[in-house]
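Engineer: I'm passing along target.cif; it holds mmCIF, C-alpha atoms.
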```
data_data
#
loop_
_atom_site.group_PDB
_atom_site.id
_atom_site.type_symbol
_atom_site.label_atom_id
_atom_site.label_comp_id
_atom_site.auth_asym_id
_atom_site.auth_seq_id
_atom_site.Cartn_x
_atom_site.Cartn_y
_atom_site.Cartn_z
ATOM 1 C CA MET A 1 -0.958 28.108 0.043
ATOM 2 C CA LYS A 2 -0.187 25.263 -2.336
ATOM 3 C CA PRO A 3 3.453 24.132 -2.491
ATOM 4 C CA PRO A 4 5.235 24.565 -5.819
ATOM 5 C CA VAL A 5 5.225 21.694 -8.291
ATOM 6 C CA THR A 6 8.696 20.144 -8.294
ATOM 7 C CA THR A 7 8.051 17.399 -10.855
ATOM 8 C CA ARG A 8 10.383 17.579 -13.842
ATOM 9 C CA ILE A 9 10.404 15.569 -17.082
ATOM 10 C CA ASP A 10 13.462 15.158 -19.293
ATOM 11 C CA ALA A 11 11.997 15.435 -22.782
ATOM 12 C CA GLU A 12 14.953 13.650 -24.362
ATOM 13 C CA GLN A 13 14.521 10.598 -22.130
ATOM 14 C CA CYS A 14 10.704 10.564 -22.298
ATOM 15 C CA SER A 15 9.475 7.759 -24.535
ATOM 16 C CA GLY A 16 5.928 9.068 -24.720
ATOM 17 C CA CYS A 17 4.404 5.957 -23.148
ATOM 18 C CA GLY A 18 1.994 8.036 -21.047
ATOM 19 C CA LEU A 19 2.244 5.832 -17.968
ATOM 20 C CA CYS A 20 3.060 8.788 -15.709
ATOM 21 C CA VAL A 21 -0.071 10.610 -16.869
ATOM 22 C CA GLN A 22 -2.149 7.508 -16.245
ATOM 23 C CA VAL A 23 -1.055 7.082 -12.603
ATOM 24 C CA CYS A 24 -0.997 10.774 -11.608
ATOM 25 C CA PRO A 25 -3.812 11.340 -9.054
ATOM 26 C CA SER A 26 -3.807 15.141 -9.315
ATOM 27 C CA GLU A 27 -3.717 15.653 -13.103
ATOM 28 C CA THR A 28 -0.368 17.394 -12.866
ATOM 29 C CA LEU A 29 0.854 15.815 -16.084
ATOM 30 C CA SER A 30 -0.508 15.585 -19.596
ATOM 31 C CA MET A 31 0.613 14.486 -23.043
ATOM 32 C CA GLN A 32 1.672 17.043 -25.631
ATOM 33 C CA GLU A 33 3.198 16.088 -28.967
ATOM 34 C CA ASN A 34 3.734 12.528 -27.743
ATOM 35 C CA LYS A 35 5.685 13.692 -24.699
ATOM 36 C CA ALA A 36 4.673 13.935 -21.052
ATOM 37 C CA VAL A 37 4.771 17.495 -19.725
ATOM 38 C CA VAL A 38 3.984 19.240 -16.447
ATOM 39 C CA THR A 39 0.838 21.296 -17.016
ATOM 40 C CA GLY A 40 -0.954 21.299 -13.660
ATOM 41 C CA GLY A 41 -0.421 23.741 -10.824
ATOM 42 C CA TYR A 42 -0.837 21.234 -8.015
ATOM 43 C CA CYS A 43 1.047 18.057 -7.148
ATOM 44 C CA LEU A 44 0.614 15.512 -4.342
ATOM 45 C CA ASP A 45 4.340 14.697 -4.436
ATOM 46 C CA CYS A 46 3.344 11.033 -4.294
ATOM 47 C CA GLY A 47 6.133 9.970 -6.643
ATOM 48 C CA HIS A 48 3.913 7.649 -8.699
ATOM 49 C CA CYS A 49 5.137 9.249 -11.915
ATOM 50 C CA GLU A 50 8.795 8.809 -11.029
ATOM 51 C CA ALA A 51 8.268 5.223 -9.893
ATOM 52 C CA VAL A 52 6.350 4.146 -13.004
ATOM 53 C CA CYS A 53 8.607 5.733 -15.649
ATOM 54 C CA PRO A 54 10.483 2.998 -17.572
ATOM 55 C CA THR A 55 13.186 5.366 -18.880
ATOM 56 C CA GLY A 56 13.957 7.435 -15.766
ATOM 57 C CA ALA A 57 12.715 10.624 -17.405
ATOM 58 C CA VAL A 58 10.660 11.807 -14.426
ATOM 59 C CA SER A 59 11.975 13.251 -11.179
ATOM 60 C CA VAL A 60 10.255 14.871 -8.192
ATOM 61 C CA ALA A 61 12.628 17.231 -6.396
ATOM 62 C CA ALA A 62 10.433 17.405 -3.283
ATOM 63 C CA LEU A 63 11.120 13.727 -2.594
ATOM 64 C CA ALA A 64 14.372 12.592 -1.000
ATOM 65 C CA GLY A 65 14.539 9.351 -2.943
ATOM 66 C CA PRO A 66 14.549 5.791 -1.594
ATOM 67 C CA THR A 67 14.837 5.654 2.194
ATOM 68 C CA GLU A 68 18.215 4.481 3.484
ATOM 69 C CA PHE A 69 18.282 2.178 6.516
ATOM 70 C CA ALA A 70 21.218 1.802 8.893
ATOM 71 C CA THR A 71 20.599 -1.616 10.439
ATOM 72 C CA PHE A 72 19.434 -3.704 7.487
ATOM 73 C CA SER A 73 19.509 -3.708 3.704
ATOM 74 C CA VAL A 74 16.461 -3.431 1.480
ATOM 75 C CA ASN A 75 15.773 -4.059 -2.188
ATOM 76 C CA ASP A 76 14.478 -0.820 -3.713
ATOM 77 C CA ARG A 77 12.873 -2.550 -6.665
ATOM 78 C CA TRP A 78 9.081 -2.361 -6.547
ATOM 79 C CA LEU A 79 7.435 -5.591 -5.423
ATOM 80 C CA PRO A 80 4.660 -6.396 -7.931
ATOM 81 C CA PHE A 81 1.095 -7.098 -6.855
ATOM 82 C CA GLY A 82 0.808 -10.675 -5.626
ATOM 83 C CA ALA A 83 4.574 -11.222 -5.529
ATOM 84 C CA PHE A 84 4.819 -11.627 -1.746
ATOM 85 C CA ASP A 85 3.690 -14.647 0.230
ATOM 86 C CA THR A 86 0.393 -13.684 1.879
ATOM 87 C CA GLY A 87 0.678 -16.449 4.434
ATOM 88 C CA GLU A 88 4.050 -15.188 5.661
ATOM 89 C CA LEU A 89 2.708 -11.631 5.881
ATOM 90 C CA VAL A 90 -0.209 -12.806 8.010
ATOM 91 C CA ARG A 91 2.159 -14.895 10.116
ATOM 92 C CA LEU A 92 4.169 -11.762 10.925
ATOM 93 C CA MET A 93 1.009 -9.842 11.803
ATOM 94 C CA ARG A 94 -0.306 -12.632 14.034
ATOM 95 C CA SER A 95 3.063 -13.226 15.702
ATOM 96 C CA ARG A 96 3.478 -9.636 16.848
ATOM 97 C CA ARG A 97 2.086 -9.447 20.368
ATOM 98 C CA SER A 98 1.984 -6.773 23.043
ATOM 99 C CA CYS A 99 5.156 -7.391 25.035
ATOM 100 C CA ARG A 100 5.061 -6.683 28.783
ATOM 101 C CA ASN A 101 8.361 -8.276 29.823
ATOM 102 C CA TYR A 102 11.702 -6.858 28.694
ATOM 103 C CA THR A 103 15.378 -7.372 29.396
ATOM 104 C CA ASP A 104 17.599 -4.523 30.586
ATOM 105 C CA GLN A 105 19.398 -4.360 27.242
ATOM 106 C CA PRO A 106 19.018 -0.936 25.611
ATOM 107 C CA VAL A 107 17.694 -0.569 22.083
ATOM 108 C CA ASP A 108 20.259 0.641 19.584
ATOM 109 C CA ARG A 109 19.566 4.216 18.481
ATOM 110 C CA ALA A 110 20.118 3.236 14.863
ATOM 111 C CA GLN A 111 17.312 0.673 15.202
ATOM 112 C CA LEU A 112 14.992 3.313 16.661
ATOM 113 C CA SER A 113 15.782 5.663 13.779
ATOM 114 C CA ASP A 114 15.162 2.868 11.293
ATOM 115 C CA LEU A 115 11.793 2.150 12.926
ATOM 116 C CA VAL A 116 10.772 5.737 12.240
ATOM 117 C CA ARG A 117 11.867 5.292 8.624
ATOM 118 C CA ILE A 118 9.752 2.148 8.477
ATOM 119 C CA GLY A 119 6.848 4.138 9.913
ATOM 120 C CA ILE A 120 6.919 6.744 7.168
ATOM 121 C CA THR A 121 6.457 4.131 4.458
ATOM 122 C CA ALA A 122 2.784 4.183 5.493
ATOM 123 C CA PRO A 123 0.182 6.060 3.435
ATOM 124 C CA SER A 124 -1.108 9.427 4.605
ATOM 125 C CA GLY A 125 -4.134 11.533 3.715
ATOM 126 C CA THR A 126 -3.496 13.550 0.526
ATOM 127 C CA ASN A 127 0.103 12.404 0.944
ATOM 128 C CA SER A 128 0.608 15.173 3.507
ATOM 129 C CA GLN A 129 3.161 13.069 5.432
ATOM 130 C CA GLY A 130 2.493 15.266 8.451
ATOM 131 C CA TRP A 131 3.843 12.800 10.985
ATOM 132 C CA ILE A 132 5.921 13.719 13.998
ATOM 133 C CA PHE A 133 8.037 11.282 15.990
ATOM 134 C CA ALA A 134 9.700 11.714 19.383
ATOM 135 C CA ILE A 135 12.123 9.017 20.532
ATOM 136 C CA LEU A 136 13.036 8.112 24.105
ATOM 137 C CA ALA A 137 16.191 6.056 23.648
ATOM 138 C CA GLU A 138 17.182 5.569 27.291
ATOM 139 C CA ARG A 139 15.441 3.758 30.138
ATOM 140 C CA ASN A 140 15.955 6.801 32.389
ATOM 141 C CA ASP A 141 13.969 8.940 29.954
ATOM 142 C CA VAL A 142 11.181 6.354 29.845
ATOM 143 C CA VAL A 143 11.064 6.396 33.650
ATOM 144 C CA ALA A 144 11.001 10.200 33.695
ATOM 145 C CA LEU A 145 7.973 10.208 31.400
ATOM 146 C CA GLY A 146 6.367 7.492 33.505
ATOM 147 C CA ASN A 147 6.764 9.617 36.633
ATOM 148 C CA ARG A 148 5.040 12.566 34.955
ATOM 149 C CA VAL A 149 2.198 10.398 33.739
ATOM 150 C CA ALA A 150 1.825 8.938 37.225
ATOM 151 C CA LEU A 151 1.392 12.452 38.640
ATOM 152 C CA PHE A 152 -1.383 13.153 36.145
ATOM 153 C CA PHE A 153 -3.307 9.997 37.015
ATOM 154 C CA LYS A 154 -2.787 10.509 40.735
ATOM 155 C CA ARG A 155 -4.525 13.885 40.386
ATOM 156 C CA LEU A 156 -7.225 12.369 38.202
ATOM 157 C CA ASN A 157 -7.874 9.579 40.697
ATOM 158 C CA HIS A 158 -8.180 12.147 43.469
ATOM 159 C CA LEU A 159 -10.842 13.990 41.473
ATOM 160 C CA ALA A 160 -12.658 10.763 40.619
ATOM 161 C CA GLU A 161 -12.952 9.842 44.287
ATOM 162 C CA SER A 162 -15.434 12.696 44.808
ATOM 163 C CA SER A 163 -18.993 11.471 44.241
ATOM 164 C CA LEU A 164 -20.192 15.081 44.098
ATOM 165 C CA LEU A 165 -17.719 15.950 41.357
ATOM 166 C CA ARG A 166 -18.633 12.810 39.421
ATOM 167 C CA PHE A 167 -22.288 13.872 39.632
ATOM 168 C CA LEU A 168 -21.553 17.392 38.382
ATOM 169 C CA VAL A 169 -19.424 16.098 35.540
ATOM 170 C CA LYS A 170 -22.198 13.693 34.587
ATOM 171 C CA ILE A 171 -24.524 16.648 34.124
ATOM 172 C CA PHE A 172 -22.158 18.883 32.177
ATOM 173 C CA LYS A 173 -19.533 16.561 30.633
ATOM 174 C CA LYS A 174 -21.465 13.398 29.647
ATOM 175 C CA ASP A 175 -20.305 11.300 32.607
ATOM 176 C CA ARG A 176 -16.658 11.289 31.526
ATOM 177 C CA LEU A 177 -15.326 11.241 35.094
ATOM 178 C CA GLY A 178 -17.857 8.602 36.128
ATOM 179 C CA ARG A 179 -16.840 6.298 33.277
ATOM 180 C CA TYR A 180 -13.210 6.710 34.241
ATOM 181 C CA TYR A 181 -14.039 5.904 37.872
ATOM 182 C CA ARG A 182 -15.965 2.762 36.964
ATOM 183 C CA ASN A 183 -13.557 1.457 34.332
ATOM 184 C CA TYR A 184 -10.040 2.566 35.311
ATOM 185 C CA TYR A 185 -9.856 4.049 38.811
ATOM 186 C CA LYS A 186 -9.077 0.823 40.683
ATOM 187 C CA THR A 187 -6.591 -0.411 38.092
ATOM 188 C CA VAL A 188 -4.766 2.908 38.063
ATOM 189 C CA ARG A 189 -4.725 3.114 41.866
ATOM 190 C CA HIS A 190 -3.231 -0.370 42.056
ATOM 191 C CA GLY A 191 -0.619 0.480 39.410
ATOM 192 C CA LEU A 192 0.368 3.679 41.204
ATOM 193 C CA LYS A 193 0.857 1.792 44.464
ATOM 194 C CA GLN A 194 3.033 -0.801 42.763
ATOM 195 C CA TRP A 195 5.130 1.933 41.156
ATOM 196 C CA GLU A 196 5.591 3.963 44.345
ATOM 197 C CA ARG A 197 6.067 1.108 46.841
ATOM 198 C CA GLU A 198 7.743 -1.599 44.772
ATOM 199 C CA GLY A 199 9.189 0.258 41.807
ATOM 200 C CA ARG A 200 7.211 -2.045 39.528
ATOM 201 C CA ASP A 201 6.610 -0.472 36.138
ATOM 202 C CA THR A 202 3.059 -1.373 35.116
ATOM 203 C CA LEU A 203 2.926 1.488 32.607
ATOM 204 C CA PHE A 204 5.903 0.875 30.307
ATOM 205 C CA HIS A 205 6.476 -2.684 31.622
ATOM 206 C CA GLY A 206 10.214 -2.139 31.986
ATOM 207 C CA SER A 207 10.807 -1.245 28.344
ATOM 208 C CA THR A 208 14.067 0.561 27.650
ATOM 209 C CA ALA A 209 12.843 2.835 24.852
ATOM 210 C CA ALA A 210 9.693 4.399 23.459
ATOM 211 C CA ILE A 211 8.505 6.212 20.357
ATOM 212 C CA LEU A 212 5.757 8.836 20.476
ATOM 213 C CA VAL A 213 3.894 9.125 17.170
ATOM 214 C CA GLY A 214 1.819 12.177 16.346
ATOM 215 C CA GLY A 215 0.620 14.455 13.617
ATOM 216 C CA LYS A 216 0.546 18.092 12.669
ATOM 217 C CA ALA A 217 -2.709 20.018 12.707
ATOM 218 C CA GLY A 218 -2.488 20.926 9.020
ATOM 219 C CA ALA A 219 -2.552 17.319 7.855
ATOM 220 C CA SER A 220 -5.729 15.975 6.235
ATOM 221 C CA CYS A 221 -6.272 13.223 8.820
ATOM 222 C CA PRO A 222 -3.383 13.312 11.300
ATOM 223 C CA ALA A 223 -4.765 10.704 13.703
ATOM 224 C CA GLU A 224 -5.257 8.115 10.988
ATOM 225 C CA ASP A 225 -1.854 8.890 9.498
ATOM 226 C CA ALA A 226 -0.138 8.440 12.867
ATOM 227 C CA LEU A 227 -1.876 5.137 13.548
ATOM 228 C CA LEU A 228 -0.982 3.745 10.131
ATOM 229 C CA ALA A 229 2.665 4.639 10.753
ATOM 230 C CA THR A 230 2.372 3.076 14.203
ATOM 231 C CA GLN A 231 1.292 -0.285 12.776
ATOM 232 C CA ASN A 232 4.290 -0.263 10.456
ATOM 233 C CA ILE A 233 6.577 0.373 13.429
ATOM 234 C CA LEU A 234 5.015 -2.445 15.449
ATOM 235 C CA LEU A 235 5.550 -4.957 12.651
ATOM 236 C CA GLY A 236 9.028 -3.634 11.914
ATOM 237 C CA ALA A 237 10.010 -3.953 15.568
ATOM 238 C CA HIS A 238 8.990 -7.614 15.647
ATOM 239 C CA ALA A 239 10.970 -8.317 12.489
ATOM 240 C CA MET A 240 14.007 -6.650 14.131
ATOM 241 C CA GLY A 241 13.728 -8.860 17.196
ATOM 242 C CA LEU A 242 12.195 -6.199 19.440
ATOM 243 C CA GLY A 243 9.093 -6.358 21.589
ATOM 244 C CA SER A 244 6.519 -3.580 21.527
ATOM 245 C CA CYS A 245 3.391 -2.457 23.342
ATOM 246 C CA LEU A 246 1.003 0.436 22.810
ATOM 247 C CA ILE A 247 0.644 2.615 25.937
ATOM 248 C CA GLY A 248 -2.731 4.340 25.703
ATOM 249 C CA PHE A 249 -2.580 5.817 29.219
ATOM 250 C CA VAL A 250 0.294 8.062 28.122
ATOM 251 C CA VAL A 251 -1.661 9.283 25.108
ATOM 252 C CA GLU A 252 -4.560 10.303 27.348
ATOM 253 C CA ALA A 253 -2.274 12.017 29.837
ATOM 254 C CA VAL A 254 -0.535 14.025 27.107
ATOM 255 C CA ARG A 255 -3.898 14.975 25.613
ATOM 256 C CA HIS A 256 -5.248 16.430 28.858
ATOM 257 C CA ASP A 257 -2.190 17.682 30.759
ATOM 258 C CA PRO A 258 -0.655 20.950 29.456
ATOM 259 C CA ALA A 259 2.290 20.564 31.837
ATOM 260 C CA LEU A 260 3.104 17.171 30.344
ATOM 261 C CA ARG A 261 2.919 18.587 26.823
ATOM 262 C CA LYS A 262 5.377 21.283 27.863
ATOM 263 C CA PHE A 263 7.642 18.678 29.487
ATOM 264 C CA LEU A 264 7.720 16.768 26.175
ATOM 265 C CA GLU A 265 8.178 19.989 24.154
ATOM 266 C CA ILE A 266 5.106 19.312 22.023
ATOM 267 C CA PRO A 267 4.111 22.424 20.012
ATOM 268 C CA ALA A 268 0.523 23.647 20.076
ATOM 269 C CA ASP A 269 -0.085 22.549 16.474
ATOM 270 C CA GLU A 270 0.900 18.924 17.136
ATOM 271 C CA GLU A 271 -0.925 16.045 18.812
ATOM 272 C CA ILE A 272 0.302 12.657 20.046
ATOM 273 C CA TYR A 273 -1.840 9.728 18.879
ATOM 274 C CA SER A 274 0.189 6.702 19.960
ATOM 275 C CA VAL A 275 3.008 5.812 22.332
ATOM 276 C CA ILE A 276 4.988 2.632 21.633
ATOM 277 C CA ALA A 277 7.040 0.941 24.333
ATOM 278 C CA LEU A 278 10.046 -0.881 22.844
ATOM 279 C CA GLY A 279 12.729 -3.177 24.121
ATOM 280 C CA HIS A 280 14.380 -6.564 23.874
ATOM 281 C CA PRO A 281 11.704 -9.083 24.827
ATOM 282 C CA ALA A 282 11.922 -11.468 27.755
ATOM 283 C CA GLU A 283 9.021 -13.505 26.364
ATOM 284 C CA PHE A 284 8.772 -16.414 23.965
ATOM 285 C CA TYR A 285 5.594 -17.956 22.558
ATOM 286 C CA GLN A 286 4.879 -21.357 21.042
ATOM 287 C CA LYS A 287 2.065 -20.408 18.705
ATOM 288 C CA VAL A 288 -0.058 -17.508 17.572
ATOM 289 C CA ALA A 289 -3.225 -16.591 19.454
ATOM 290 C CA GLY A 290 -6.726 -16.468 18.042
ATOM 291 C CA ARG A 291 -9.096 -13.537 17.697
ATOM 292 C CA LYS A 292 -12.730 -13.050 18.554
ATOM 293 C CA GLU A 293 -15.021 -13.954 15.693
ATOM 294 C CA VAL A 294 -16.024 -11.064 13.457
ATOM 295 C CA THR A 295 -18.814 -11.002 10.874
ATOM 296 C CA PRO A 296 -18.381 -8.321 8.219
ATOM 297 C CA ARG A 297 -21.384 -6.772 6.507
ATOM 298 C CA PHE A 298 -21.502 -6.907 2.715
ATOM 299 C CA LEU A 299 -23.222 -3.775 1.454
ATOM 300 C CA ASP A 300 -25.007 -4.608 -1.806
ATOM 301 C CA LEU A 301 -26.147 -1.036 -2.270
ATOM 302 C CA PHE A 302 -27.290 -1.294 -5.873
ATOM 303 C CA SER A 303 -28.840 -4.744 -5.875
#
```
So that I can check it, write out the structure of this file as structure tokens.
Structural biologist:
Amino acid sequence: MKPPVTTRIDAEQCSGCGLCVQVCPSETLSMQENKAVVTGGYCLDCGHCEAVCPTGAVSVAALAGPTEFATFSVNDRWLPFGAFDTGELVRLMRSRRSCRNYTDQPVDRAQLSDLVRIGITAPSGTNSQGWIFAILAERNDVVALGNRVALFFKRLNHLAESSLLRFLVKIFKKDRLGRYYRNYYKTVRHGLKQWEREGRDTLFHGSTAAILVGGKAGASCPAEDALLATQNILLGAHAMGLGSCLIGFVVEAVRHDPALRKFLEIPADEEIYSVIALGHPAEFYQKVAGRKEVTPRFLDLFS
């Protein structure tokens, strides 16, 4: 069922410039008697029309308006194409690194909430905005999740130790258990021993907070949407002075362990696609690191 169109145009304020019609991706608007009017029965609620209108004649009731942040101020004026320093943007991207050493200082809850607000500035498929976010704001909660994840991988390691089971899985499940055994078994076993014997956190690396990012099943492309929001959060965290690290082992555990999903109160129509460890970093770098060389392919399809 399509949601109702909530776009409204004040005819008295409309100058008839037609810019809102030009930028509308769903043909919700059209021009009649030199005025923009709502004529379509479907709207993406993208807000392009409201943002482009020079007279303030357009409003979209489904949108809450500019996002308010608690820990920093932001200029709500649109930044024109090419108006930001590309070099500084790339410097931010290259400076953000996976942090695996944190202080004991907790992350302010207002900062965590603002990071979610930063996350939802990302694009989403058909503007569905079907993200879900779950915040662990205390170190004790991070540890509790870590303990549950450890139980999952302890069981998985026990299964992987059986050569007979690995053989059967290879026949019926495309060698999934065998690949895990070859690539992760020893690392996980070592990490579990460190956690149980020394209390060393090789999963969350001592971070004091975490954000789980997911998507709802009804979204057009929930995984992609969640990962785009995740990148925004990672960059935002660095700008705030926080360290971050993606924890893929938790994502896999949540995906395959119904008990863990229940523990985290994840509904059946939601999936977790990324888990971000967050905290105040106990690391400092002198320069940015390089990347492996990549050679893109140019597709001259019509030449």
Engineer: Residues within 9 Å of (6.9, -6.0, 27.0), file coordinates, counting only C-alpha atoms: what are they? Give the list as number ranges by chain.
Structural biologist: A: 97-103, 204-207, 243-245, 277-283
Engineer: Would you export the selected residues with C-alpha atoms as a PDB file, in the coordinates of the input, please?
Structural biologist:
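Listing of selection_13.pdb after writing:
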```pdb
ATOM      1  CA  ARG A  97       2.086  -9.447  20.368  1.00  0.00           C
ATOM      2  CA  SER A  98       1.984  -6.773  23.043  1.00  0.00           C
ATOM      3  CA  CYS A  99       5.156  -7.391  25.035  1.00  0.00           C
ATOM      4  CA  ARG A 100       5.061  -6.683  28.783  1.00  0.00           C
ATOM      5  CA  ASN A 101       8.361  -8.276  29.823  1.00  0.00           C
ATOM      6  CA  TYR A 102      11.702  -6.858  28.694  1.00  0.00           C
ATOM      7  CA  THR A 103      15.378  -7.372  29.396  1.00  0.00           C
ATOM      8  CA  PHE A 204       5.903   0.875  30.307  1.00  0.00           C
ATOM      9  CA  HIS A 205       6.476  -2.684  31.622  1.00  0.00           C
ATOM     10  CA  GLY A 206      10.214  -2.139  31.986  1.00  0.00           C
ATOM     11  CA  SER A 207      10.807  -1.245  28.344  1.00  0.00           C
ATOM     12  CA  GLY A 243       9.093  -6.358  21.589  1.00  0.00           C
ATOM     13  CA  SER A 244       6.519  -3.580  21.527  1.00  0.00           C
ATOM     14  CA  CYS A 245       3.391  -2.457  23.342  1.00  0.00           C
ATOM     15  CA  ALA A 277       7.040   0.941  24.333  1.00  0.00           C
ATOM     16  CA  LEU A 278      10.046  -0.881  22.844  1.00  0.00           C
ATOM     17  CA  GLY A 279      12.729  -3.177  24.121  1.00  0.00           C
ATOM     18  CA  HIS A 280      14.380  -6.564  23.874  1.00  0.00           C
ATOM     19  CA  PRO A 281      11.704  -9.083  24.827  1.00  0.00           C
ATOM     20  CA  ALA A 282      11.922 -11.468  27.755  1.00  0.00           C
ATOM     21  CA  GLU A 283       9.021 -13.505  26.364  1.00  0.00           C
TER      22      GLU A 283
END
```
Engineer: Using only C-alpha atoms, which of A:Ala122, A:Leu168, A:Ala61, A:Leu212 sits nearest Ile272 in chain A?
Structural biologist: A:Leu212
Engineer: CA of Leu242 in chain A and CA of Asp76 in chain A are how many Å apart?
Structural biologist: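 Atom-to-atom, CA of Leu242 in chain A and CA of Asp76 in chain A are spaced 23.9 Å apart.
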Engineer: I'd like to see the residues matched by the PyMOL selection byres ((chain A and resi 13) around 9) on this file, and ideally I'd get them as a ChimeraX atom specification.
Structural biologist: /A:9-12,14-15,55-58
Engineer: Take the point (7.6, 10.1, 17.5) as written in the file and pick out every residue within 9 Å of it, counting all atoms listed in the file; give the list as a PyMOL selection string.
Structural biologist: chain A and resi 116+131-136+210-214+272+274-276
Engineer: Go through A:Arg94, A:Leu177, A:Trp195, A:Ala51 one by one, measure the shortest atom-to-atom distance of each to Tyr285 in chain A using all atoms listed in the file, and give the residue with the smallest value.
Structural biologist: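 Looking at the shortest contact to Tyr285 in chain A, the residue is A:Arg94.
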Engineer: Rounded to one decimal in Å, what is the spacing between CA of Thr187 in chain A and CA of Val288 in chain A?
Structural biologist: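 Between these atoms lies a distance of 27.5 Å.
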Engineer: Quick check on the file I pasted: which residues fall under the PyMOL selection byres ((chain A and resi 67) around 10)? Write them as a count of residues only.
Structural biologist: 12
Engineer: Applying 6 Å and only C-alpha atoms, which residues near Arg139 in chain A remain after dropping the ones on its own chain fewer than 2 positions away? List them as a ChimeraX atom specification.
Structural biologist: /A:141-142,208-209
